[in-house]
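Everything on this sheet refers to the single structure shown next.
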Amino acid sequence: SYWPASFLLEVPFVAFFSDPRVLFVFADIGAALLLYLLGKKTRTAQLLSLIYLFRPNSLFIIEQSWLTPLAFFFISLSILLSVNRRYGFTGIIWGFMVGLKPDYLLAVPFLWLLTHGNRKAMFWFIITVGVIVFPFLFANPGEFIYQTILLYLLPGEKIPIPIHLSLNLNTLFYHIFGRDIPFLLSGSVFAIFVTGVIYRLKKNSTGSWVILAMTVTFLCFYLLFRQAFINYYYFTTGLYILWLVIVIKNRAS
């Protein structure tokens with residue numbers, strides 16, 4: 001389910017250090033520093049940055065080479081750039097984030113709200129995703145789309161990953177009833193949930209509400225659909241810490 005940026009960004013670190021995990025170490029430390037800056041360098045922001053770094057599963061996530069720290073770093077960096085109205089660079093960062101994995105496309109509408117719908121950010125996002133993804137898509141469109149997207153929509157027994165070990169509602173349902181939750185049901189519930197979130201944001205689209213809405217949207221997505229392992233929830237807990245930092249920033253303003 002990963003897209004080309006997932007390995008292209010690792011190439012320099014493999015070349016120099018023979019280990020892609022060095023990138024994820026830098027990304028995790030960088031994200032903690034960004035949280036500190038977003039929290040306006042307060043004592044509470046410092047504590048939340050340390051909590052982010054030293055969660056019990058932090059080192060395990062890096063040891064397993066999951067890309068979650070990098071995705072979270074991109075989200076935090078894009079928010080800091082948005083605050084400073086560097087919208088072109090913001091869109092480029094979104095592009096790299098989605099270039100890691102199409103799932104992260106869920107974050108873009110929320111992050112776009114933080115730019116107040118800036119067209120420049122969206123333009124550079126589309127250009128960046130195109131540059132990263134198009135060469136591989138063009139080489140073999142059918143295989144690329146099948147391997148990175150459509151494969152994960154197949155019946156559970158045809159997906160070549162242990163989805164029934166996932167930490168989600170489908171796994172619970174499968175072990176009780178011996179079959180997966182129908183995609184139509186999961187999709188309908190998720191669509192209703194997202195509609196409610198969007199309706200709520202129309203009433204209040206301040207930064208803290210947008211981050212909270214993005215956090216619960218990802219959590220709902222992971223709980224309802226087939227694939228959700230520890231790294232997915234590491235990502236959502238990072239978003240929750242980010243939300244707390246934004247709340248602190250707003251109170252300090």
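Going by the structure tokens order, chains are called A, B, ..., each with residues numbered from 1, while ligands are numbered from 1 in the order shown.
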Using only C-alpha atoms, determine which residues lie at most 12 Å from Leu9 (chain A), disregarding the query and same-chain residues fewer than 3 positions distant; provide the list as a PyMOL selection string. chain A and resi 3-6+12-15+20-24+27+67+70-71+96-97+99-100+132
Near-Phe190 (chain A) list (10 Å; only C-alpha atoms; drop same-chain fewer than 2 positions) as a CSV table (one decimal) with N, CA and C atoms, in the first residue's frame:
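The result, written out as out-v7.csv:
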chain,number,residue,atom,x,y,z
A,184,LEU,N,-19.4,-2.3,2.3
A,184,LEU,CA,-20.5,-1.3,2.1
A,184,LEU,C,-20.9,-0.8,3.5
A,185,LEU,N,-21.0,-1.7,4.5
A,185,LEU,CA,-21.4,-1.2,5.8
A,185,LEU,C,-20.3,-0.3,6.4
A,186,SER,N,-19.1,-0.7,6.4
A,186,SER,CA,-18.0,0.1,6.9
A,186,SER,C,-17.9,1.4,6.2
A,187,GLY,N,-18.0,1.4,4.9
A,187,GLY,CA,-17.9,2.6,4.1
A,187,GLY,C,-19.1,3.6,4.4
A,188,SER,N,-20.3,3.0,4.6
A,188,SER,CA,-21.5,3.9,4.9
A,188,SER,C,-21.3,4.5,6.3
A,192,ILE,N,-21.0,8.6,6.9
A,192,ILE,CA,-21.9,9.3,7.8
A,192,ILE,C,-21.0,10.1,8.9
A,193,PHE,N,-20.0,9.4,9.4
A,193,PHE,CA,-19.2,10.0,10.4
A,193,PHE,C,-18.5,11.2,9.8
A,194,VAL,N,-17.9,11.1,8.6
A,194,VAL,CA,-17.1,12.2,8.0
A,194,VAL,C,-18.1,13.4,7.7
A,195,THR,N,-19.3,13.1,7.3
A,195,THR,CA,-20.3,14.1,7.0
A,195,THR,C,-20.6,14.9,8.3
A,196,GLY,N,-20.7,14.2,9.4
A,196,GLY,CA,-20.9,14.9,10.7
A,196,GLY,C,-19.7,15.7,11.1
A,217,THR,N,-11.0,11.4,12.7
A,217,THR,CA,-11.3,10.8,11.3
A,217,THR,C,-10.4,9.7,11.0
A,220,CYS,N,-11.3,6.7,13.3
A,220,CYS,CA,-12.5,6.1,12.8
A,220,CYS,C,-12.2,5.2,11.6
A,221,PHE,N,-11.3,5.8,10.7
A,221,PHE,CA,-10.9,5.0,9.5
A,221,PHE,C,-10.2,3.7,9.8
A,223,LEU,N,-10.3,2.0,12.7
A,223,LEU,CA,-11.2,1.1,13.4
A,223,LEU,C,-12.2,0.4,12.5
A,224,LEU,N,-12.6,1.1,11.5
A,224,LEU,CA,-13.7,0.5,10.7
A,224,LEU,C,-13.2,-0.4,9.5
A,225,PHE,N,-12.0,-0.1,9.0
A,225,PHE,CA,-11.6,-0.8,7.8
A,225,PHE,C,-10.7,-2.0,8.2
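Using only C-alpha atoms for every distance, the candidate list A:Val108, A:Ala45, A:Leu212, A:Ala32 yields A:Ala45 as the residue closest to Val245 (chain A).
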Residues near Ile230 (chain A), cut-off 9 Å, only C-alpha atoms, skip fewer than 2 positions along chain, as a list in words: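 Neighbouring residues, sequence-local ones excluded: Asn57, Ile61, Ser166, Leu167, Ala228, Tyr232, Tyr233, Tyr234 and Phe235 of chain A.
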Of the candidates A:Ile79, A:Lys40, A:Pro162, A:Ile62, which one gets nearest to Arg251 (chain A) if we count only C-alpha atoms?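 Using only C-alpha atoms, the shortest distance to Arg251 (chain A) belongs to A:Lys40.
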Find, counting only C-alpha atoms, the residue in A:Arg43, A:Lys249, A:His164, A:Arg119 that gets nearest to Phe229 (chain A). A:His164
Quick one: everything within 9 Å of Gly156 (chain A), counting only C-alpha atoms, minus sequence neighbours fewer than 4 positions away in the same chain. Send it as a list in words.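 The contact residues come out as Tyr152, Pro160, Ile161, Pro162, Ile163, His164, Arg179, Asp180 and Arg226 of chain A.
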Those same residues - N, CA and C atoms - I'd like them written as a CSV table (one decimal), in the first residue's frame.
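The result, written out as part-v4.csv:
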chain,number,residue,atom,x,y,z
A,152,TYR,N,-6.2,-4.1,-1.6
A,152,TYR,CA,-6.7,-4.0,-0.2
A,152,TYR,C,-8.2,-3.9,-0.1
A,160,PRO,N,-2.7,-10.4,0.9
A,160,PRO,CA,-1.5,-11.1,1.4
A,160,PRO,C,-0.9,-10.5,2.6
A,161,ILE,N,-1.7,-10.1,3.5
A,161,ILE,CA,-1.2,-9.6,4.8
A,161,ILE,C,-2.1,-10.1,5.9
A,162,PRO,N,-1.7,-10.3,7.1
A,162,PRO,CA,-2.5,-10.9,8.2
A,162,PRO,C,-3.5,-9.8,8.7
A,163,ILE,N,-4.5,-9.5,7.9
A,163,ILE,CA,-5.5,-8.5,8.3
A,163,ILE,C,-6.3,-8.9,9.6
A,164,HIS,N,-6.4,-10.2,9.8
A,164,HIS,CA,-7.2,-10.7,10.9
A,164,HIS,C,-6.4,-10.7,12.2
A,179,ARG,N,-16.4,-14.1,9.5
A,179,ARG,CA,-16.4,-13.4,8.2
A,179,ARG,C,-16.1,-11.9,8.5
A,180,ASP,N,-15.8,-11.2,7.4
A,180,ASP,CA,-15.4,-9.8,7.6
A,180,ASP,C,-16.7,-9.0,7.5
A,226,ARG,N,-10.1,-2.6,7.2
A,226,ARG,CA,-9.5,-4.0,7.4
A,226,ARG,C,-8.2,-3.9,8.1
Using DSSP on the backbone coordinates, identify the residues of region 89-161 of chain A assigned to helix (DSSP H, G or I); present them as a PyMOL selection string. chain A and resi 89-100+102-114+119-139+141-148+150-153+156-158
Could you save those same residues with C-alpha atoms as a short mmCIF file (atom, residue, chain, number, x, y, z; two decimals), in the first residue's frame?
data_model
loop_
_atom_site.label_atom_id
_atom_site.label_comp_id
_atom_site.auth_asym_id
_atom_site.auth_seq_id
_atom_site.Cartn_x
_atom_site.Cartn_y
_atom_site.Cartn_z
CA PHE A 89 6.12 24.88 0.69
CA THR A 90 3.10 23.63 2.63
CA GLY A 91 1.65 22.06 -0.52
CA ILE A 92 5.00 20.45 -1.36
CA ILE A 93 5.13 18.84 2.09
CA TRP A 94 1.59 17.49 1.62
CA GLY A 95 2.78 15.98 -1.64
CA PHE A 96 5.64 14.13 0.03
CA MET A 97 3.29 12.93 2.77
CA VAL A 98 0.73 11.49 0.34
CA GLY A 99 3.62 10.16 -1.76
CA LEU A 100 4.39 7.86 1.17
CA PRO A 102 -2.41 7.08 -0.29
CA ASP A 103 -4.09 6.73 3.13
CA TYR A 104 -2.60 10.06 4.14
CA LEU A 105 -4.73 11.78 1.51
CA LEU A 106 -7.34 11.86 4.32
CA ALA A 107 -5.26 14.54 6.05
CA VAL A 108 -5.08 16.95 3.11
CA PRO A 109 -8.62 18.46 3.32
CA PHE A 110 -8.09 19.22 7.01
CA LEU A 111 -4.62 20.68 6.46
CA TRP A 112 -6.01 22.72 3.54
CA LEU A 113 -8.55 24.27 5.91
CA LEU A 114 -5.63 25.51 8.01
CA ARG A 119 -4.96 27.62 -4.00
CA LYS A 120 -1.18 27.90 -4.16
CA ALA A 121 -0.85 25.16 -1.53
CA MET A 122 -3.20 22.89 -3.45
CA PHE A 123 -1.40 23.59 -6.74
CA TRP A 124 1.99 22.61 -5.36
CA PHE A 125 0.49 19.58 -3.65
CA ILE A 126 -0.85 18.26 -6.95
CA ILE A 127 2.45 19.00 -8.75
CA THR A 128 4.52 17.25 -6.06
CA VAL A 129 2.33 14.13 -5.94
CA GLY A 130 2.44 14.03 -9.74
CA VAL A 131 6.24 14.22 -9.89
CA ILE A 132 6.62 11.48 -7.27
CA VAL A 133 3.89 9.09 -8.41
CA PHE A 134 3.40 9.61 -12.16
CA PRO A 135 6.61 7.94 -13.44
CA PHE A 136 5.74 4.73 -11.60
CA LEU A 137 2.07 4.95 -12.49
CA PHE A 138 2.93 5.55 -16.15
CA ALA A 139 5.27 2.53 -16.27
CA PRO A 141 -0.88 1.84 -14.59
CA GLY A 142 -2.96 -1.28 -14.01
CA GLU A 143 -0.39 -3.02 -11.82
CA PHE A 144 0.44 0.12 -9.85
CA ILE A 145 -3.21 0.85 -8.99
CA TYR A 146 -3.92 -2.80 -8.23
CA GLN A 147 -0.89 -3.36 -5.96
CA THR A 148 -1.19 -0.12 -3.98
CA LEU A 150 -7.30 -2.24 -5.24
CA LEU A 151 -5.54 -5.20 -3.61
CA TYR A 152 -6.69 -3.96 -0.19
CA LEU A 153 -10.31 -3.91 -1.29
CA GLY A 156 -9.97 -10.71 3.42
CA GLU A 157 -8.63 -14.16 2.52
CA LYS A 158 -7.16 -12.81 -0.76
#
For a test of reading the model, state the distance in Å between CA of Thr44 (chain A) and CA of Leu242 (chain A), rounded to one decimal. 12.2 Å
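Note that the spacing between CA of Phe218 (chain A) and CA of Leu244 (chain A) amounts to 16.5 Å.
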Name the closest residue to Leu50 (chain A) among the candidates A:Gly88, A:Gly207, A:Gly117, A:Gly238; distances are taken between atoms, counting only C-alpha atoms. A:Gly238
Between CA of Thr171 (chain A) and CA of Leu59 (chain A), what is the distance in Å, rounded to a tenth?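 Spanning CA of Thr171 (chain A) to CA of Leu59 (chain A) is a straight-line distance of 25.9 Å.
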